[in-house]
Amino acid sequence: MNELINGIMEFFAANEKIVRIVAGVIVFILFVVLRNIVSGFILSIVSKIAFKDNQKKESFVNTLKRPLSLFFFVLGLFIALQLNFKSAAVIKIFKISIIFLICWAVISYLSANIGSFMKLTDNDETNLTAIKFISNILKIVVIIFGIVMVISELGYNINGLLTGLGVGGLAVSLAAQDAVSNLISGFVIVFEKPFIVGDMVIVDSIQGVVIDITMRSTTIRTLEDSVVTLPNSAVANSSIVNLSKIEKRLMQFDIGLLYSTSNELLQKCIDDIKEYLKNSPDIIDEPIRVNFSKLDDSSLNISIFCYSNRPDLNEHIDIMTQVDLEIKKIIEENGASFAYPSTSVYIEKK
C-alpha cells in the first residue's frame, strides 16, 4: 500500500504541470455542468427561508438564477486558473467579475420587484411609468457604484473622482431646478394619486380628460378637444378637482308658479314633488329638500335640492330630464300653472 502511495506521489511530482492542468479542466467542467443545478438549489432554499409568498419566491429565484449561475462559471474558471497560474492579476480580474455579477443581480432583482417594494402595480399606466423611471434611476446608481468599486479595485484614488462628481452634480442640479421640481412633483402625483389616466379633472381652470402622466408633465385633453401639457410642478401646486371621483351629482333648481296659486295648491305641489323624489330609484333619499323659497317678482318660487345616484354625467343628464318632465306632469295634474317673467303696465287717466 505504501509503495502504491509513494508511486502515485512520485507520478504527481514528475507530472505536476499536467496534473494541475487536468485537475483545473475537471474542476471547470464540474462547475459548468452543475452550475444551474447548484444555483437553483441554493436560491430555492434561501427563498423558502426569506419569503412566505409564492410569487415573491418565484421572482427571487428567476431574477437571481442567471447571475448566480454565471458566478459558478466564473468561480470554476478562477479555480482552474489558480491551480495553474497563481497570479495577482487573476485574483483582481476575479474580484472585478464578482463586482459586475453583484451589480447585475441587484439590478435584475430590483427591476422585477420595485413595484411591489413601493406598493405599486403595473396595471395602471401611471404606475408603470413610475416603476420604469425609478427602476432606471436605481440601475444608474448601481452601475455608478459598481464602476467606482472597479476603479478602486484597479488601484486608482477615487477621492478626486467623488469630489468631481459632487461638484458636477451640484452644478447640474442648479442648472436644472425646474426639471428637478417637475420630477419631484411627478413622484407626488404618482404616490398620492389625485388622478389617474382617464379621469376627468379640473386643474388650474383647465377641464378635461387626463391622457398621459409622465415624470415631467401631465397631458390633458380639454372639452374643446385641444391638448394641454402642464408641468407637474404646476399641477402639484394647483387645486385639483377630480370629477371622476364623484359618487353622486347635485340637482338644484327653482320652479315658479303663478301668484294666483292658492296656498293649499302650492303646498300640494310641494308634497307631491317631494314624494316623487323620495320614491325615485335614481334619487338619493337624503337630503331631499323641496320648499316654498321666495316671493319673486313674477312667481311663487319652489326650490328643489337633491342628489342623483348616477355619477356618470350622461346618465345624470338623463335623470335630470326625467325629473323635469315628472315635475311638469305633477304641476299640470294638480291644475297649477308655471309662471313666466311678466311686466304690468298701468296707464293713469288725467
# chains A, B, ... in the order shown; residues from 1 in each chain; ligands from 1
call {"tool": "residues_around", "arguments": {"residues": "Ile37 (chain A)", "least_positions_apart": "3", "cutoff": "12 Å", "atoms": "only C-alpha atoms", "output": "number ranges by chain"}}
result
A: 30-34, 40-44, 65-66, 68-69, 72
call {"tool": "write_last_selection", "arguments": {"atoms": "C-alpha atoms", "output": "compact mmCIF listing (two decimals), in the first residue's frame"}}
result
# COMPACT_ATOMS: atom_id res chain seq x y z
CA LEU A 30 -17.84 20.21 -12.98
CA PHE A 31 -18.69 23.84 -12.20
CA VAL A 32 -20.05 24.41 -15.73
CA VAL A 33 -22.17 21.25 -15.69
CA LEU A 34 -23.53 21.70 -12.18
CA GLY A 40 -31.27 26.69 -8.39
CA PHE A 41 -30.93 24.62 -5.22
CA ILE A 42 -29.31 27.45 -3.24
CA LEU A 43 -31.85 30.05 -4.36
CA SER A 44 -34.74 27.70 -3.63
CA LYS A 65 -30.62 32.34 -11.12
CA ARG A 66 -28.67 33.57 -14.16
CA LEU A 68 -25.61 33.08 -9.64
CA SER A 69 -25.17 30.50 -12.38
CA PHE A 72 -20.25 29.47 -10.52
call {"tool": "residues_around", "arguments": {"residues": "Glu224 (chain A)", "least_positions_apart": "5", "cutoff": "12 Å", "atoms": "only C-alpha atoms", "output": "VMD selection string"}}
result
chain A and resid 206 to 209
call {"tool": "write_last_selection", "arguments": {"atoms": "all heavy atoms", "output": "mmCIF file, in the first residue's frame"}}
result
data_model
loop_
_atom_site.group_PDB
_atom_site.id
_atom_site.type_symbol
_atom_site.label_atom_id
_atom_site.label_comp_id
_atom_site.auth_asym_id
_atom_site.auth_seq_id
_atom_site.Cartn_x
_atom_site.Cartn_y
_atom_site.Cartn_z
ATOM 1 N N ILE A 206 -58.424 74.468 -16.063
ATOM 2 C CA ILE A 206 -58.464 73.668 -17.293
ATOM 3 C C ILE A 206 -59.225 72.384 -17.004
ATOM 4 O O ILE A 206 -58.846 71.614 -16.114
ATOM 5 C CB ILE A 206 -57.043 73.343 -17.797
ATOM 6 C CG1 ILE A 206 -56.301 74.633 -18.152
ATOM 7 C CG2 ILE A 206 -57.088 72.398 -18.991
ATOM 8 C CD1 ILE A 206 -54.838 74.420 -18.477
ATOM 9 N N GLN A 207 -60.304 72.149 -17.737
ATOM 10 C CA GLN A 207 -61.109 70.950 -17.543
ATOM 11 C C GLN A 207 -60.941 70.018 -18.731
ATOM 12 O O GLN A 207 -60.988 70.429 -19.886
ATOM 13 C CB GLN A 207 -62.587 71.307 -17.366
ATOM 14 C CG GLN A 207 -63.477 70.076 -17.132
ATOM 15 C CD GLN A 207 -64.912 70.455 -16.842
ATOM 16 O OE1 GLN A 207 -65.229 71.621 -16.684
ATOM 17 N NE2 GLN A 207 -65.790 69.461 -16.765
ATOM 18 N N GLY A 208 -60.735 68.744 -18.433
ATOM 19 C CA GLY A 208 -60.586 67.763 -19.496
ATOM 20 C C GLY A 208 -60.236 66.396 -18.948
ATOM 21 O O GLY A 208 -60.251 66.157 -17.730
ATOM 22 N N VAL A 209 -59.901 65.493 -19.856
ATOM 23 C CA VAL A 209 -59.565 64.115 -19.504
ATOM 24 C C VAL A 209 -58.050 63.955 -19.520
ATOM 25 O O VAL A 209 -57.381 64.367 -20.477
ATOM 26 C CB VAL A 209 -60.214 63.127 -20.496
ATOM 27 C CG1 VAL A 209 -59.812 61.688 -20.162
ATOM 28 C CG2 VAL A 209 -61.727 63.273 -20.481
#
call {"tool": "select_by_dssp", "arguments": {"residues": "region 109-321 of chain A", "states": "strand (DSSP E or B)", "output": "PDB file with N, CA, C and O atoms, in the first residue's frame"}}
result
ATOM      1  N   MET A 200     -61.572  62.567 -15.489  1.00  0.00           N
ATOM      2  CA  MET A 200     -61.999  63.926 -15.850  1.00  0.00           C
ATOM      3  C   MET A 200     -61.637  64.848 -14.690  1.00  0.00           C
ATOM      4  O   MET A 200     -62.084  64.637 -13.563  1.00  0.00           O
ATOM      5  N   VAL A 201     -60.810  65.862 -14.960  1.00  0.00           N
ATOM      6  CA  VAL A 201     -60.315  66.721 -13.889  1.00  0.00           C
ATOM      7  C   VAL A 201     -60.444  68.195 -14.279  1.00  0.00           C
ATOM      8  O   VAL A 201     -60.611  68.535 -15.453  1.00  0.00           O
ATOM      9  N   ILE A 202     -60.341  69.030 -13.248  1.00  0.00           N
ATOM     10  CA  ILE A 202     -60.191  70.475 -13.443  1.00  0.00           C
ATOM     11  C   ILE A 202     -58.904  70.872 -12.740  1.00  0.00           C
ATOM     12  O   ILE A 202     -58.789  70.749 -11.523  1.00  0.00           O
ATOM     13  N   VAL A 203     -57.919  71.317 -13.515  1.00  0.00           N
ATOM     14  CA  VAL A 203     -56.621  71.707 -12.976  1.00  0.00           C
ATOM     15  C   VAL A 203     -56.299  73.108 -13.473  1.00  0.00           C
ATOM     16  O   VAL A 203     -56.196  73.332 -14.683  1.00  0.00           O
ATOM     17  N   ILE A 206     -58.424  74.468 -16.063  1.00  0.00           N
ATOM     18  CA  ILE A 206     -58.464  73.668 -17.293  1.00  0.00           C
ATOM     19  C   ILE A 206     -59.225  72.384 -17.004  1.00  0.00           C
ATOM     20  O   ILE A 206     -58.846  71.614 -16.114  1.00  0.00           O
ATOM     21  N   GLN A 207     -60.304  72.149 -17.737  1.00  0.00           N
ATOM     22  CA  GLN A 207     -61.109  70.950 -17.543  1.00  0.00           C
ATOM     23  C   GLN A 207     -60.941  70.018 -18.731  1.00  0.00           C
ATOM     24  O   GLN A 207     -60.988  70.429 -19.886  1.00  0.00           O
ATOM     25  N   GLY A 208     -60.735  68.744 -18.433  1.00  0.00           N
ATOM     26  CA  GLY A 208     -60.586  67.763 -19.496  1.00  0.00           C
ATOM     27  C   GLY A 208     -60.236  66.396 -18.948  1.00  0.00           C
ATOM     28  O   GLY A 208     -60.251  66.157 -17.730  1.00  0.00           O
ATOM     29  N   VAL A 209     -59.901  65.493 -19.856  1.00  0.00           N
ATOM     30  CA  VAL A 209     -59.565  64.115 -19.504  1.00  0.00           C
ATOM     31  C   VAL A 209     -58.050  63.955 -19.520  1.00  0.00           C
ATOM     32  O   VAL A 209     -57.381  64.367 -20.477  1.00  0.00           O
ATOM     33  N   VAL A 210     -57.521  63.339 -18.466  1.00  0.00           N
ATOM     34  CA  VAL A 210     -56.082  63.083 -18.392  1.00  0.00           C
ATOM     35  C   VAL A 210     -55.737  61.964 -19.373  1.00  0.00           C
ATOM     36  O   VAL A 210     -56.284  60.861 -19.289  1.00  0.00           O
ATOM     37  N   ILE A 211     -54.845  62.261 -20.312  1.00  0.00           N
ATOM     38  CA  ILE A 211     -54.488  61.251 -21.320  1.00  0.00           C
ATOM     39  C   ILE A 211     -53.077  60.715 -21.142  1.00  0.00           C
ATOM     40  O   ILE A 211     -52.716  59.683 -21.709  1.00  0.00           O
ATOM     41  N   ASP A 212     -52.257  61.409 -20.341  1.00  0.00           N
ATOM     42  CA  ASP A 212     -50.895  60.906 -20.125  1.00  0.00           C
ATOM     43  C   ASP A 212     -50.287  61.567 -18.891  1.00  0.00           C
ATOM     44  O   ASP A 212     -50.531  62.750 -18.625  1.00  0.00           O
ATOM     45  N   ILE A 213     -49.538  60.786 -18.133  1.00  0.00           N
ATOM     46  CA  ILE A 213     -48.800  61.305 -16.978  1.00  0.00           C
ATOM     47  C   ILE A 213     -47.379  60.755 -17.061  1.00  0.00           C
ATOM     48  O   ILE A 213     -47.178  59.541 -17.050  1.00  0.00           O
ATOM     49  N   SER A 217     -44.402  65.829 -16.888  1.00  0.00           N
ATOM     50  CA  SER A 217     -45.586  66.629 -17.200  1.00  0.00           C
ATOM     51  C   SER A 217     -46.844  65.771 -17.202  1.00  0.00           C
ATOM     52  O   SER A 217     -46.791  64.538 -17.207  1.00  0.00           O
ATOM     53  N   THR A 218     -47.982  66.472 -17.195  1.00  0.00           N
ATOM     54  CA  THR A 218     -49.293  65.841 -17.286  1.00  0.00           C
ATOM     55  C   THR A 218     -50.029  66.412 -18.499  1.00  0.00           C
ATOM     56  O   THR A 218     -50.051  67.631 -18.688  1.00  0.00           O
ATOM     57  N   THR A 219     -50.591  65.533 -19.314  1.00  0.00           N
ATOM     58  CA  THR A 219     -51.277  65.961 -20.537  1.00  0.00           C
ATOM     59  C   THR A 219     -52.776  65.767 -20.381  1.00  0.00           C
ATOM     60  O   THR A 219     -53.235  64.698 -19.977  1.00  0.00           O
ATOM     61  N   ILE A 220     -53.536  66.820 -20.704  1.00  0.00           N
ATOM     62  CA  ILE A 220     -54.993  66.814 -20.562  1.00  0.00           C
ATOM     63  C   ILE A 220     -55.624  67.156 -21.905  1.00  0.00           C
ATOM     64  O   ILE A 220     -55.199  68.095 -22.579  1.00  0.00           O
ATOM     65  N   ARG A 221     -56.622  66.378 -22.289  1.00  0.00           N
ATOM     66  CA  ARG A 221     -57.421  66.708 -23.477  1.00  0.00           C
ATOM     67  C   ARG A 221     -58.667  67.438 -23.000  1.00  0.00           C
ATOM     68  O   ARG A 221     -59.492  66.879 -22.277  1.00  0.00           O
ATOM     69  N   THR A 222     -58.799  68.700 -23.404  1.00  0.00           N
ATOM     70  CA  THR A 222     -59.883  69.541 -22.909  1.00  0.00           C
ATOM     71  C   THR A 222     -61.209  69.184 -23.570  1.00  0.00           C
ATOM     72  O   THR A 222     -61.260  68.393 -24.530  1.00  0.00           O
ATOM     73  N   VAL A 227     -55.263  69.724 -26.738  1.00  0.00           N
ATOM     74  CA  VAL A 227     -54.381  69.019 -25.813  1.00  0.00           C
ATOM     75  C   VAL A 227     -53.510  70.031 -25.083  1.00  0.00           C
ATOM     76  O   VAL A 227     -52.846  70.860 -25.707  1.00  0.00           O
ATOM     77  N   VAL A 228     -53.544  69.966 -23.746  1.00  0.00           N
ATOM     78  CA  VAL A 228     -52.766  70.877 -22.907  1.00  0.00           C
ATOM     79  C   VAL A 228     -51.768  70.060 -22.103  1.00  0.00           C
ATOM     80  O   VAL A 228     -52.142  69.082 -21.456  1.00  0.00           O
ATOM     81  N   THR A 229     -50.496  70.457 -22.161  1.00  0.00           N
ATOM     82  CA  THR A 229     -49.454  69.802 -21.382  1.00  0.00           C
ATOM     83  C   THR A 229     -49.019  70.728 -20.258  1.00  0.00           C
ATOM     84  O   THR A 229     -48.552  71.837 -20.507  1.00  0.00           O
ATOM     85  N   LEU A 230     -49.189  70.268 -19.020  1.00  0.00           N
ATOM     86  CA  LEU A 230     -48.862  71.068 -17.845  1.00  0.00           C
ATOM     87  C   LEU A 230     -47.643  70.480 -17.139  1.00  0.00           C
ATOM     88  O   LEU A 230     -47.575  69.257 -16.946  1.00  0.00           O
ATOM     89  N   PRO A 231     -46.685  71.305 -16.725  1.00  0.00           N
ATOM     90  CA  PRO A 231     -45.571  70.802 -15.909  1.00  0.00           C
ATOM     91  C   PRO A 231     -46.113  70.234 -14.595  1.00  0.00           C
ATOM     92  O   PRO A 231     -47.061  70.770 -14.022  1.00  0.00           O
ATOM     93  N   ILE A 240     -56.843  70.736  -7.454  1.00  0.00           N
ATOM     94  CA  ILE A 240     -57.230  69.699  -8.407  1.00  0.00           C
ATOM     95  C   ILE A 240     -58.639  69.210  -8.056  1.00  0.00           C
ATOM     96  O   ILE A 240     -58.890  68.786  -6.931  1.00  0.00           O
ATOM     97  N   VAL A 241     -59.529  69.298  -9.018  1.00  0.00           N
ATOM     98  CA  VAL A 241     -60.882  68.760  -8.856  1.00  0.00           C
ATOM     99  C   VAL A 241     -61.004  67.530  -9.745  1.00  0.00           C
ATOM    100  O   VAL A 241     -60.909  67.628 -10.969  1.00  0.00           O
ATOM    101  N   ASN A 242     -61.171  66.377  -9.113  1.00  0.00           N
ATOM    102  CA  ASN A 242     -61.299  65.126  -9.867  1.00  0.00           C
ATOM    103  C   ASN A 242     -62.779  64.801 -10.017  1.00  0.00           C
ATOM    104  O   ASN A 242     -63.418  64.273  -9.095  1.00  0.00           O
ATOM    105  N   ARG A 249     -74.360  63.287  -7.879  1.00  0.00           N
ATOM    106  CA  ARG A 249     -74.381  64.590  -8.541  1.00  0.00           C
ATOM    107  C   ARG A 249     -75.562  65.418  -8.035  1.00  0.00           C
ATOM    108  O   ARG A 249     -76.670  64.914  -7.880  1.00  0.00           O
ATOM    109  N   LEU A 250     -75.258  66.690  -7.822  1.00  0.00           N
ATOM    110  CA  LEU A 250     -76.247  67.604  -7.273  1.00  0.00           C
ATOM    111  C   LEU A 250     -77.269  68.017  -8.324  1.00  0.00           C
ATOM    112  O   LEU A 250     -76.929  68.302  -9.468  1.00  0.00           O
ATOM    113  N   MET A 251     -78.537  68.065  -7.885  1.00  0.00           N
ATOM    114  CA  MET A 251     -79.618  68.621  -8.697  1.00  0.00           C
ATOM    115  C   MET A 251     -80.249  69.736  -7.868  1.00  0.00           C
ATOM    116  O   MET A 251     -80.873  69.469  -6.832  1.00  0.00           O
ATOM    117  N   GLN A 252     -80.086  70.964  -8.300  1.00  0.00           N
ATOM    118  CA  GLN A 252     -80.613  72.107  -7.564  1.00  0.00           C
ATOM    119  C   GLN A 252     -81.171  73.130  -8.551  1.00  0.00           C
ATOM    120  O   GLN A 252     -80.430  73.631  -9.402  1.00  0.00           O
ATOM    121  N   PHE A 253     -82.455  73.414  -8.431  1.00  0.00           N
ATOM    122  CA  PHE A 253     -83.074  74.366  -9.348  1.00  0.00           C
ATOM    123  C   PHE A 253     -84.371  74.886  -8.725  1.00  0.00           C
ATOM    124  O   PHE A 253     -84.867  74.340  -7.722  1.00  0.00           O
ATOM    125  N   ASP A 254     -84.901  75.932  -9.311  1.00  0.00           N
ATOM    126  CA  ASP A 254     -86.160  76.535  -8.854  1.00  0.00           C
ATOM    127  C   ASP A 254     -87.202  76.444  -9.965  1.00  0.00           C
ATOM    128  O   ASP A 254     -86.874  76.482 -11.155  1.00  0.00           O
ATOM    129  N   ILE A 255     -88.457  76.321  -9.556  1.00  0.00           N
ATOM    130  CA  ILE A 255     -89.576  76.464 -10.488  1.00  0.00           C
ATOM    131  C   ILE A 255     -90.495  77.549  -9.941  1.00  0.00           C
ATOM    132  O   ILE A 255     -90.549  77.786  -8.715  1.00  0.00           O
ATOM    133  N   GLY A 256     -91.206  78.229 -10.812  1.00  0.00           N
ATOM    134  CA  GLY A 256     -92.093  79.308 -10.388  1.00  0.00           C
ATOM    135  C   GLY A 256     -93.524  79.065 -10.784  1.00  0.00           C
ATOM    136  O   GLY A 256     -93.797  78.674 -11.928  1.00  0.00           O
ATOM    137  N   LEU A 257     -94.458  79.263  -9.838  1.00  0.00           N
ATOM    138  CA  LEU A 257     -95.891  79.130 -10.110  1.00  0.00           C
ATOM    139  C   LEU A 257     -96.532  80.516 -10.092  1.00  0.00           C
ATOM    140  O   LEU A 257     -96.001  81.471  -9.514  1.00  0.00           O
ATOM    141  N   ILE A 283     -82.818  58.803  -7.290  1.00  0.00           N
ATOM    142  CA  ILE A 283     -82.531  59.911  -6.389  1.00  0.00           C
ATOM    143  C   ILE A 283     -82.142  59.367  -5.020  1.00  0.00           C
ATOM    144  O   ILE A 283     -82.800  58.451  -4.491  1.00  0.00           O
ATOM    145  N   ARG A 289     -84.726  68.244  -0.351  1.00  0.00           N
ATOM    146  CA  ARG A 289     -85.402  69.444   0.160  1.00  0.00           C
ATOM    147  C   ARG A 289     -86.263  70.047  -0.956  1.00  0.00           C
ATOM    148  O   ARG A 289     -85.756  70.382  -2.035  1.00  0.00           O
ATOM    149  N   VAL A 290     -87.552  70.192  -0.685  1.00  0.00           N
ATOM    150  CA  VAL A 290     -88.498  70.855  -1.595  1.00  0.00           C
ATOM    151  C   VAL A 290     -89.286  71.837  -0.744  1.00  0.00           C
ATOM    152  O   VAL A 290     -90.015  71.420   0.174  1.00  0.00           O
ATOM    153  N   ASN A 291     -89.128  73.119  -0.996  1.00  0.00           N
ATOM    154  CA  ASN A 291     -89.788  74.107  -0.142  1.00  0.00           C
ATOM    155  C   ASN A 291     -90.131  75.382  -0.925  1.00  0.00           C
ATOM    156  O   ASN A 291     -89.527  75.680  -1.959  1.00  0.00           O
ATOM    157  N   PHE A 292     -91.135  76.087  -0.384  1.00  0.00           N
ATOM    158  CA  PHE A 292     -91.532  77.389  -0.930  1.00  0.00           C
ATOM    159  C   PHE A 292     -90.466  78.386  -0.486  1.00  0.00           C
ATOM    160  O   PHE A 292     -90.332  78.710   0.685  1.00  0.00           O
ATOM    161  N   SER A 293     -89.698  78.901  -1.455  1.00  0.00           N
ATOM    162  CA  SER A 293     -88.482  79.623  -1.099  1.00  0.00           C
ATOM    163  C   SER A 293     -88.561  81.133  -1.258  1.00  0.00           C
ATOM    164  O   SER A 293     -87.859  81.862  -0.560  1.00  0.00           O
ATOM    165  N   LYS A 294     -89.419  81.614  -2.186  1.00  0.00           N
ATOM    166  CA  LYS A 294     -89.306  83.037  -2.468  1.00  0.00           C
ATOM    167  C   LYS A 294     -90.563  83.578  -3.133  1.00  0.00           C
ATOM    168  O   LYS A 294     -91.154  82.908  -3.994  1.00  0.00           O
ATOM    169  N   LEU A 295     -90.909  84.804  -2.721  1.00  0.00           N
ATOM    170  CA  LEU A 295     -91.935  85.565  -3.443  1.00  0.00           C
ATOM    171  C   LEU A 295     -91.204  86.415  -4.472  1.00  0.00           C
ATOM    172  O   LEU A 295     -90.752  87.524  -4.198  1.00  0.00           O
ATOM    173  N   LEU A 300     -94.245  82.520  -7.626  1.00  0.00           N
ATOM    174  CA  LEU A 300     -94.039  81.897  -6.321  1.00  0.00           C
ATOM    175  C   LEU A 300     -93.022  80.768  -6.518  1.00  0.00           C
ATOM    176  O   LEU A 300     -93.337  79.770  -7.162  1.00  0.00           O
ATOM    177  N   ASN A 301     -91.830  80.942  -5.996  1.00  0.00           N
ATOM    178  CA  ASN A 301     -90.743  80.014  -6.313  1.00  0.00           C
ATOM    179  C   ASN A 301     -90.713  78.813  -5.370  1.00  0.00           C
ATOM    180  O   ASN A 301     -90.820  78.965  -4.143  1.00  0.00           O
ATOM    181  N   ILE A 302     -90.526  77.629  -5.949  1.00  0.00           N
ATOM    182  CA  ILE A 302     -90.307  76.387  -5.196  1.00  0.00           C
ATOM    183  C   ILE A 302     -88.873  75.943  -5.477  1.00  0.00           C
ATOM    184  O   ILE A 302     -88.485  75.756  -6.642  1.00  0.00           O
ATOM    185  N   SER A 303     -88.086  75.800  -4.423  1.00  0.00           N
ATOM    186  CA  SER A 303     -86.685  75.355  -4.567  1.00  0.00           C
ATOM    187  C   SER A 303     -86.607  73.845  -4.385  1.00  0.00           C
ATOM    188  O   SER A 303     -87.213  73.278  -3.457  1.00  0.00           O
ATOM    189  N   ILE A 304     -85.843  73.194  -5.275  1.00  0.00           N
ATOM    190  CA  ILE A 304     -85.680  71.728  -5.247  1.00  0.00           C
ATOM    191  C   ILE A 304     -84.187  71.419  -5.110  1.00  0.00           C
ATOM    192  O   ILE A 304     -83.364  71.920  -5.889  1.00  0.00           O
ATOM    193  N   PHE A 305     -83.862  70.599  -4.108  1.00  0.00           N
ATOM    194  CA  PHE A 305     -82.467  70.246  -3.828  1.00  0.00           C
ATOM    195  C   PHE A 305     -82.400  68.753  -3.551  1.00  0.00           C
ATOM    196  O   PHE A 305     -83.059  68.242  -2.626  1.00  0.00           O
ATOM    197  N   CYS A 306     -81.590  68.029  -4.373  1.00  0.00           N
ATOM    198  CA  CYS A 306     -81.416  66.584  -4.164  1.00  0.00           C
ATOM    199  C   CYS A 306     -80.195  66.112  -4.938  1.00  0.00           C
ATOM    200  O   CYS A 306     -79.547  66.896  -5.645  1.00  0.00           O
ATOM    201  N   TYR A 307     -79.880  64.841  -4.791  1.00  0.00           N
ATOM    202  CA  TYR A 307     -78.732  64.245  -5.484  1.00  0.00           C
ATOM    203  C   TYR A 307     -79.185  63.031  -6.289  1.00  0.00           C
ATOM    204  O   TYR A 307     -79.961  62.204  -5.790  1.00  0.00           O
ATOM    205  N   SER A 308     -78.668  62.917  -7.501  1.00  0.00           N
ATOM    206  CA  SER A 308     -78.886  61.686  -8.268  1.00  0.00           C
ATOM    207  C   SER A 308     -77.780  60.698  -7.910  1.00  0.00           C
ATOM    208  O   SER A 308     -76.674  61.090  -7.534  1.00  0.00           O
TER     209      SER A 308
END
call {"tool": "atom_distance", "arguments": {"atom1": "CA of Leu277 (chain A)", "atom2": "CA of Glu247 (chain A)"}}
result
18.3 Å
call {"tool": "select_by_dssp", "arguments": {"residues": "region 151-319 of chain A", "states": "alpha helix (DSSP H)", "output": "NGL selection string"}}
result
:A and (151-153 or 159-175 or 177-192 or 232-236 or 263-279 or 313-319)
call {"tool": "write_last_selection", "arguments": {"atoms": "C-alpha atoms", "output": "mmCIF file, in the first residue's frame"}}
result
data_model
loop_
_atom_site.group_PDB
_atom_site.id
_atom_site.type_symbol
_atom_site.label_atom_id
_atom_site.label_comp_id
_atom_site.auth_asym_id
_atom_site.auth_seq_id
_atom_site.Cartn_x
_atom_site.Cartn_y
_atom_site.Cartn_z
ATOM 1 C CA ILE A 151 -11.803 51.789 -10.210
ATOM 2 C CA SER A 152 -10.890 51.327 -6.555
ATOM 3 C CA GLU A 153 -10.007 47.684 -7.173
ATOM 4 C CA ASN A 159 -11.452 60.597 -3.710
ATOM 5 C CA GLY A 160 -10.798 63.045 -6.535
ATOM 6 C CA LEU A 161 -13.404 61.330 -8.697
ATOM 7 C CA LEU A 162 -16.025 61.525 -5.948
ATOM 8 C CA THR A 163 -15.225 65.194 -5.353
ATOM 9 C CA GLY A 164 -15.592 65.924 -9.068
ATOM 10 C CA LEU A 165 -18.889 64.068 -9.195
ATOM 11 C CA GLY A 166 -20.146 66.062 -6.204
ATOM 12 C CA VAL A 167 -19.235 69.408 -7.775
ATOM 13 C CA GLY A 168 -20.624 68.343 -11.144
ATOM 14 C CA GLY A 169 -23.822 67.099 -9.550
ATOM 15 C CA LEU A 170 -24.275 70.406 -7.720
ATOM 16 C CA ALA A 171 -23.793 72.353 -10.961
ATOM 17 C CA VAL A 172 -26.258 70.156 -12.814
ATOM 18 C CA SER A 173 -28.850 70.415 -10.038
ATOM 19 C CA LEU A 174 -28.608 74.217 -10.003
ATOM 20 C CA ALA A 175 -28.970 74.367 -13.775
ATOM 21 C CA GLN A 177 -34.033 73.262 -10.876
ATOM 22 C CA ASP A 178 -37.229 73.269 -12.918
ATOM 23 C CA ALA A 179 -36.621 69.741 -14.139
ATOM 24 C CA VAL A 180 -35.943 68.547 -10.581
ATOM 25 C CA SER A 181 -39.075 70.331 -9.347
ATOM 26 C CA ASN A 182 -41.167 68.634 -12.062
ATOM 27 C CA LEU A 183 -39.574 65.303 -11.215
ATOM 28 C CA ILE A 184 -40.380 65.579 -7.504
ATOM 29 C CA SER A 185 -43.900 66.738 -8.327
ATOM 30 C CA GLY A 186 -44.226 63.719 -10.621
ATOM 31 C CA PHE A 187 -43.461 61.442 -7.682
ATOM 32 C CA VAL A 188 -46.063 63.276 -5.593
ATOM 33 C CA ILE A 189 -48.701 62.781 -8.288
ATOM 34 C CA VAL A 190 -47.809 59.098 -8.691
ATOM 35 C CA PHE A 191 -47.918 58.231 -4.999
ATOM 36 C CA GLU A 192 -50.752 60.483 -3.806
ATOM 37 C CA ASN A 232 -46.003 68.533 -12.911
ATOM 38 C CA SER A 233 -44.833 71.317 -10.589
ATOM 39 C CA ALA A 234 -47.736 73.485 -11.788
ATOM 40 C CA VAL A 235 -50.187 70.603 -11.352
ATOM 41 C CA ALA A 236 -48.955 69.772 -7.847
ATOM 42 C CA ASN A 263 -101.620 78.211 -0.506
ATOM 43 C CA GLU A 264 -103.251 74.793 -0.418
ATOM 44 C CA LEU A 265 -102.430 74.049 -4.058
ATOM 45 C CA LEU A 266 -98.894 75.336 -3.607
ATOM 46 C CA GLN A 267 -98.374 73.006 -0.624
ATOM 47 C CA LYS A 268 -99.939 70.078 -2.539
ATOM 48 C CA CYS A 269 -97.463 70.571 -5.404
ATOM 49 C CA ILE A 270 -94.559 70.707 -2.925
ATOM 50 C CA ASP A 271 -95.674 67.496 -1.184
ATOM 51 C CA ASP A 272 -96.207 65.621 -4.463
ATOM 52 C CA ILE A 273 -92.783 66.619 -5.805
ATOM 53 C CA LYS A 274 -91.101 65.577 -2.563
ATOM 54 C CA GLU A 275 -92.953 62.254 -2.557
ATOM 55 C CA TYR A 276 -91.910 61.578 -6.148
ATOM 56 C CA LEU A 277 -88.253 62.290 -5.396
ATOM 57 C CA LYS A 278 -88.278 60.037 -2.316
ATOM 58 C CA ASN A 279 -89.728 57.139 -4.306
ATOM 59 C CA LEU A 313 -72.506 62.832 -16.437
ATOM 60 C CA ASN A 314 -74.543 61.494 -19.358
ATOM 61 C CA GLU A 315 -76.674 59.335 -17.076
ATOM 62 C CA HIS A 316 -77.105 62.268 -14.682
ATOM 63 C CA ILE A 317 -78.395 64.454 -17.525
ATOM 64 C CA ASP A 318 -80.893 61.752 -18.460
ATOM 65 C CA ILE A 319 -82.100 61.638 -14.833
#
call {"tool": "closest_residue", "arguments": {"among": "A:Val25, A:Ala112, A:Leu154, A:Ile96", "to": "Asn62 (chain A)", "atoms": "only C-alpha atoms"}}
result
A:Ala112
call {"tool": "atom_distance", "arguments": {"atom1": "CA of Lys248 (chain A)", "atom2": "CA of Ser280 (chain A)"}}
result
14.7 Å
call {"tool": "closest_residue", "arguments": {"among": "A:Asn113, A:Trp104, A:Ile26, A:Thr214", "to": "Ala80 (chain A)", "atoms": "only C-alpha atoms"}}
result
A:Ile26
call {"tool": "atom_distance", "arguments": {"atom1": "CA of Tyr109 (chain A)", "atom2": "CA of Ile45 (chain A)"}}
result
17.0 Å
